[in-house]
Amino acid sequence: MKLFDLLIKGGTVADGSGGNPYTADVGILQDKIAFIGNADGAKAAKVIDAGGLIVSPGFIEMHSHDDLDMISNPTVPYKLLQGITTEVIGLCGIGCAPYDPEKAREWENWAGRFLCDTPAPWTWRSFGGFLDRLEEAKASLNVVGLVSHGAIRASVMGLEDRNPAPEELAAMKRLLADSMEQGARGLSTGLIYVPMVYSGPEEMIQLCRVVAEKGGLVVPHVRNLAGSMADAVREFIGIAKSANAPLHISHLGVIGRANWPQMDQALRFIEKAKSEGMDITFDTHSYTGVSSMINMLLPPWVNKGGRAAVSERLRNPEIRRRIKEDFINRQLTDPVPGWEFTPNFAGWDQIRIAGLSNKNNEPYIGMTLQEIADSRNQEPYDAAMDLIAEDEGTVNMAISDGYSIENIRKVIQKGALIGGDGIPAGAHPHPRLYGTFARFFEKFVREEKLLTLPEAVSRVTRESAGLLKLEKRGELKEGYYADITVFDIETIHDRATMAEPKRHPAGIKHVVVNGSLTVEGGKHTGSRDGRVLR
């Protein structure tokens, strides 16, 4: 007689392979799948009736920003309750390690506030030390870490706007190599964010060669997602090709209605490179909305030097005049390199404050910049600059529209993996923090039938695990780790909205992480058995 710790009975198994689903029982012993088949007569300490439900591998999120929130909030319910059992952190080049407190203090102030409302003290120095800290936190889900270009650059040369000297580039390469040896699965960069916006192609090629030598993955937020998005994609394809590095493009998309046609050109660049033998993949989220920092309203030179320096500049009337008169007018006819001026593609009434640290301004959370400007009798740009100055530099925003739903469909059909790109900092985050995977299955699988159920499950499980080189994860097989999501494809529903973003989805019934029942009946059990997958 078989004896299991947990038995999932009578579900429809979509095992991640892409093959047809089948009815079977899944028996779990300790942290592994011990049996798949007919378990009639077997006994188990816990039995779950999965009749009428889909039993799949746990979902893998390719793009998250929970680096610090997993320390402050280790149960991360907004991820487990949408079926995620493994997530990738360190994205957009915004990460926490390596960390040199003498040179990167302003990076800690800036990145820490972006990533988490109450960031934990940065007691680590190396990437391995940061992973050790994550292990101590005992989060509820598994974590895959990418080393952050921003953290590497800041630890060598602060937030300076210049190319690295030869010895500085050598130091950056050593930090990158060390980080990968300590467990990073690749390098992430964000070429619109300080200090990475100051990096040229040669710096990137040199770093990407280190990644290639170590067998890792290069994951960029490309230099522009708006007016020159296609050229930005082509730039990084050239960088990765020169370095002979596998390339995974984060949140492949283009912002602004006038720019949407560039997606076809970007996809042609990708297809051409793949036809020439390059290893290129990409991910997307499932919303047309945008989530970032309100600092992105400012030209790059204003963001130099960290939060305090930004606030000081914005209190200078002459600098404000220069920003408004010179840069806003120029952006319309003579774009500033590295600057995606958000109001060009999203009105002030679409830009909503997601979070800030100045308690005096907390009533503005959830309001649009137009509403805030009206309440303060200001022009919206003045209101935005005042908010940034009063907050000492970091205010998170969510934009209700920006991406094309048709472009999202195109990249999904072209093989996009899924990453929510939600930012947990702020009282009013973008709804994609809570609803990405429910929306993916609800809209693109059940309603639009863009993918079949087996195709969709494979996309967010086996294909993602294969790209990340995760051993014995991403499929339901005997001997594999028991990361499992049980959901109802007929009722799965994204309940998060721009007005009420912190609403968990419906239809996710049970989630198992490393054999531990972490979500039962749609409720988090408090289990914290996730692992750092070095």
# chains A, B, ... in the order shown; residues from 1 in each chain; ligands from 1

call {"tool": "select_by_dssp", "arguments": {"residues": "region 192-294 of chain A", "states": "helix (DSSP H, G or I)", "output": "PDB file with C-alpha atoms, in the first residue's frame"}}
result
ATOM      1  CA  MET A 196      23.033  52.042 -16.496  1.00  0.00           C
ATOM      2  CA  VAL A 197      21.710  54.704 -18.857  1.00  0.00           C
ATOM      3  CA  TYR A 198      25.287  56.030 -18.961  1.00  0.00           C
ATOM      4  CA  PRO A 201      27.835  49.255 -26.077  1.00  0.00           C
ATOM      5  CA  GLU A 202      31.474  48.356 -25.379  1.00  0.00           C
ATOM      6  CA  GLU A 203      30.887  48.179 -21.630  1.00  0.00           C
ATOM      7  CA  MET A 204      27.893  45.929 -22.227  1.00  0.00           C
ATOM      8  CA  ILE A 205      29.774  43.676 -24.661  1.00  0.00           C
ATOM      9  CA  GLN A 206      32.597  43.178 -22.165  1.00  0.00           C
ATOM     10  CA  LEU A 207      30.174  42.264 -19.380  1.00  0.00           C
ATOM     11  CA  CYS A 208      28.092  40.001 -21.602  1.00  0.00           C
ATOM     12  CA  ARG A 209      31.226  38.062 -22.569  1.00  0.00           C
ATOM     13  CA  VAL A 210      31.729  37.200 -18.907  1.00  0.00           C
ATOM     14  CA  VAL A 211      28.158  35.916 -18.754  1.00  0.00           C
ATOM     15  CA  ALA A 212      28.685  33.818 -21.877  1.00  0.00           C
ATOM     16  CA  GLU A 213      31.883  32.319 -20.473  1.00  0.00           C
ATOM     17  CA  MET A 229      12.180  50.840 -29.340  1.00  0.00           C
ATOM     18  CA  ALA A 230      13.005  48.819 -32.468  1.00  0.00           C
ATOM     19  CA  ASP A 231      16.477  50.367 -32.664  1.00  0.00           C
ATOM     20  CA  ALA A 232      16.981  49.601 -28.964  1.00  0.00           C
ATOM     21  CA  VAL A 233      16.148  45.945 -29.575  1.00  0.00           C
ATOM     22  CA  ARG A 234      18.535  45.884 -32.533  1.00  0.00           C
ATOM     23  CA  GLU A 235      21.260  47.497 -30.380  1.00  0.00           C
ATOM     24  CA  PHE A 236      21.108  44.753 -27.783  1.00  0.00           C
ATOM     25  CA  ILE A 237      20.922  41.998 -30.354  1.00  0.00           C
ATOM     26  CA  GLY A 238      24.213  43.385 -31.669  1.00  0.00           C
ATOM     27  CA  ILE A 239      25.708  43.471 -28.175  1.00  0.00           C
ATOM     28  CA  ALA A 240      24.710  39.874 -27.419  1.00  0.00           C
ATOM     29  CA  LYS A 241      25.907  38.711 -30.828  1.00  0.00           C
ATOM     30  CA  SER A 242      29.317  40.341 -30.304  1.00  0.00           C
ATOM     31  CA  ALA A 243      29.583  38.642 -26.908  1.00  0.00           C
ATOM     32  CA  ARG A 257       0.061  54.525 -29.804  1.00  0.00           C
ATOM     33  CA  ALA A 258       2.229  56.326 -32.366  1.00  0.00           C
ATOM     34  CA  ASN A 259       5.077  53.898 -31.607  1.00  0.00           C
ATOM     35  CA  GLN A 262       7.599  49.400 -34.257  1.00  0.00           C
ATOM     36  CA  MET A 263       6.790  46.009 -32.754  1.00  0.00           C
ATOM     37  CA  ASP A 264       6.687  44.414 -36.195  1.00  0.00           C
ATOM     38  CA  GLN A 265      10.176  45.750 -36.966  1.00  0.00           C
ATOM     39  CA  ALA A 266      11.520  44.579 -33.601  1.00  0.00           C
ATOM     40  CA  LEU A 267      10.128  41.095 -34.187  1.00  0.00           C
ATOM     41  CA  ARG A 268      11.749  41.038 -37.622  1.00  0.00           C
ATOM     42  CA  PHE A 269      15.113  41.899 -36.029  1.00  0.00           C
ATOM     43  CA  ILE A 270      14.631  39.031 -33.567  1.00  0.00           C
ATOM     44  CA  GLU A 271      13.557  36.520 -36.218  1.00  0.00           C
ATOM     45  CA  LYS A 272      16.494  37.436 -38.439  1.00  0.00           C
ATOM     46  CA  ALA A 273      18.965  36.994 -35.582  1.00  0.00           C
ATOM     47  CA  LYS A 274      17.412  33.639 -34.654  1.00  0.00           C
ATOM     48  CA  SER A 275      17.633  32.496 -38.259  1.00  0.00           C
ATOM     49  CA  ILE A 294       7.957  58.925 -11.737  1.00  0.00           C
TER      50      ILE A 294
END

call {"tool": "atom_distance", "arguments": {"atom1": "CA of Asp15 (chain A)", "atom2": "CA of Leu533 (chain A)"}}
result
21.4 Å

call {"tool": "residues_around", "arguments": {"residues": "Pro220 (chain A)", "least_positions_apart": "6", "cutoff": "7 Å", "atoms": "only C-alpha atoms", "output": "MDAnalysis selection string"}}
result
chainID A and resid 92 188:190 249:250

call {"tool": "select_by_dssp", "arguments": {"residues": "region 213-409 of chain A", "states": "strand (DSSP E or B)", "output": "ChimeraX atom specification"}}
result
/A:217-221,247-249,280-284,290-293,351-355,368,396-399

call {"tool": "write_last_selection", "arguments": {"atoms": "C-alpha atoms", "output": "mmCIF file, in the first residue's frame"}}
result
data_model
loop_
_atom_site.group_PDB
_atom_site.id
_atom_site.type_symbol
_atom_site.label_atom_id
_atom_site.label_comp_id
_atom_site.auth_asym_id
_atom_site.auth_seq_id
_atom_site.Cartn_x
_atom_site.Cartn_y
_atom_site.Cartn_z
ATOM 1 C CA LEU A 217 21.830 34.438 -19.579
ATOM 2 C CA VAL A 218 21.812 38.164 -20.480
ATOM 3 C CA VAL A 219 18.489 39.825 -19.632
ATOM 4 C CA PRO A 220 18.114 43.485 -20.671
ATOM 5 C CA HIS A 221 15.481 46.137 -20.305
ATOM 6 C CA LEU A 247 19.763 36.848 -24.897
ATOM 7 C CA HIS A 248 16.422 37.093 -23.108
ATOM 8 C CA ILE A 249 14.672 40.457 -23.633
ATOM 9 C CA ILE A 280 17.046 34.794 -28.288
ATOM 10 C CA THR A 281 13.943 34.591 -26.104
ATOM 11 C CA PHE A 282 11.723 37.221 -24.476
ATOM 12 C CA ASP A 283 8.892 37.697 -22.019
ATOM 13 C CA THR A 284 5.834 39.897 -21.704
ATOM 14 C CA VAL A 290 2.835 50.618 -17.438
ATOM 15 C CA SER A 291 4.593 50.592 -14.058
ATOM 16 C CA SER A 292 7.791 52.459 -13.251
ATOM 17 C CA MET A 293 9.220 55.403 -11.313
ATOM 18 C CA ILE A 351 -0.353 58.554 -14.614
ATOM 19 C CA ARG A 352 -1.301 57.433 -11.123
ATOM 20 C CA ILE A 353 0.841 57.621 -7.965
ATOM 21 C CA ALA A 354 1.507 54.075 -6.744
ATOM 22 C CA GLY A 355 3.703 54.827 -3.735
ATOM 23 C CA THR A 368 -3.517 60.805 -11.051
ATOM 24 C CA ASN A 396 6.459 54.941 -8.014
ATOM 25 C CA MET A 397 3.794 55.349 -10.679
ATOM 26 C CA ALA A 398 1.307 53.163 -12.524
ATOM 27 C CA ILE A 399 -0.051 54.165 -15.926
#

call {"tool": "closest_residue", "arguments": {"among": "A:Ala97, A:Lys103, A:Asn224, A:Arg376", "to": "Trp124 (chain A)", "atoms": "only C-alpha atoms"}}
result
A:Ala97

call {"tool": "atom_distance", "arguments": {"atom1": "CA of Lys138 (chain A)", "atom2": "CA of Arg125 (chain A)"}}
result
19.7 Å

call {"tool": "atom_distance", "arguments": {"atom1": "CA of Leu134 (chain A)", "atom2": "CA of Arg185 (chain A)"}}
result
15.6 Å

call {"tool": "closest_residue", "arguments": {"among": "A:Glu136, A:Thr118, A:Asp25, A:Lys523", "to": "Gly41 (chain A)", "atoms": "only C-alpha atoms"}}
result
A:Asp25

call {"tool": "closest_residue", "arguments": {"among": "A:Thr518, A:Gln413, A:Asn360, A:Asn163", "to": "Ser199 (chain A)", "atoms": "only C-alpha atoms"}}
result
A:Asn163

call {"tool": "residues_around", "arguments": {"residues": "Tyr403 (chain A)", "least_positions_apart": "5", "cutoff": "7 Å", "atoms": "only C-alpha atoms", "output": "list of chain:residue names"}}
result
A:Gly253, A:Val254, A:Ile255, A:Gly256, A:Thr288, A:Gly289

call {"tool": "write_last_selection", "arguments": {"atoms": "C-alpha atoms", "output": "PDB file, in the first residue's frame"}}
result
ATOM      1  CA  GLY A 253       6.839  45.853 -25.797  1.00  0.00           C
ATOM      2  CA  VAL A 254       6.533  49.369 -27.168  1.00  0.00           C
ATOM      3  CA  ILE A 255       4.791  52.233 -25.384  1.00  0.00           C
ATOM      4  CA  GLY A 256       2.648  54.904 -27.035  1.00  0.00           C
ATOM      5  CA  THR A 288      -1.559  47.321 -21.449  1.00  0.00           C
ATOM      6  CA  GLY A 289      -0.647  49.424 -18.416  1.00  0.00           C
TER       7      GLY A 289
END

call {"tool": "residues_around", "arguments": {"residues": "region 68-72 of chain A", "least_positions_apart": "2", "cutoff": "9 Å", "atoms": "only C-alpha atoms", "output": "ChimeraX atom specification"}}
result
/A:65-66,74-76,95-96,112,115-120,133-134,136-140,424-425

call {"tool": "residues_around", "arguments": {"residues": "Met62 (chain A)", "least_positions_apart": "6", "cutoff": "8 Å", "atoms": "only C-alpha atoms", "output": "JSON, numbers by chain"}}
result
{"A": [87, 88, 283, 417, 418, 419, 420, 464]}

call {"tool": "closest_residue", "arguments": {"among": "A:Trp110, A:Tyr480, A:Tyr381, A:Tyr193", "to": "Ser357 (chain A)", "atoms": "only C-alpha atoms"}}
result
A:Trp110

call {"tool": "residues_around", "arguments": {"residues": "region 151-158 of chain A", "least_positions_apart": "4", "cutoff": "10 Å", "atoms": "only C-alpha atoms", "output": "MDAnalysis selection string"}}
result
chainID A and resid 90 93:108 111 125 127 147 162:165 167:176 179 189 194:196 199 305:306
